[in-house]
Amino acid sequence: MEHTKPDSGDGREQLHQQYRDQLSQYKSANASLADIAWTLSELEQQIGTLETNQEPDPQLARRISDLRRWRSTLEETVLRHMYRTEELMATVAQLRTALAHTIPPDA
């Protein structure tokens, strides 16, 4: 985050633009996280449904194994997205605070 003079109109506008950009990135990251989490939930349901099959079936066992690997990958992706979303949220909060402490150009 850049430091700007509190009474600088250009600095405030630049800070405001940074805030809008970071907020947009946060919203996108949050939406992506929701999509991945939904996919993970659906995958969990699919695995649970397949595991209830009582008959031994090699194809089914392979399918479940493949789905479990995919689940593992998605879990790691969810964690990465969660961390990134948290970082963006912190940056947005810092920028919001910085904007609240700057003097508007018309003051």
# chains A, B, ... in the order shown; residues from 1 in each chain; ligands from 1
>>> residues_around(residues="region 64-70 of chain A", least_positions_apart="3", cutoff="9 Å", atoms="only C-alpha atoms", output="PyMOL selection string")
chain A and resi 40+43-44+46-47+50-51+59-61+73-75
>>> residues_around(residues="region 15-28 of chain A", least_positions_apart="5", cutoff="8 Å", atoms="only C-alpha atoms", output="number ranges by chain")
A: 2, 4, 85, 88-89, 91-92, 95-96, 98-99
>>> atom_distance(atom1="CA of Arg62 (chain A)", atom2="CA of Thr39 (chain A)")
20.0 Å
>>> closest_residue(among="A:Thr49, A:Gln94, A:Met82, A:Glu87", to="Ile36 (chain A)", atoms="only C-alpha atoms")
A:Met82
>>> select_by_dssp(residues="chain A", states="alpha helix (DSSP H)", output="PyMOL selection string")
chain A and resi 9-51+58-100
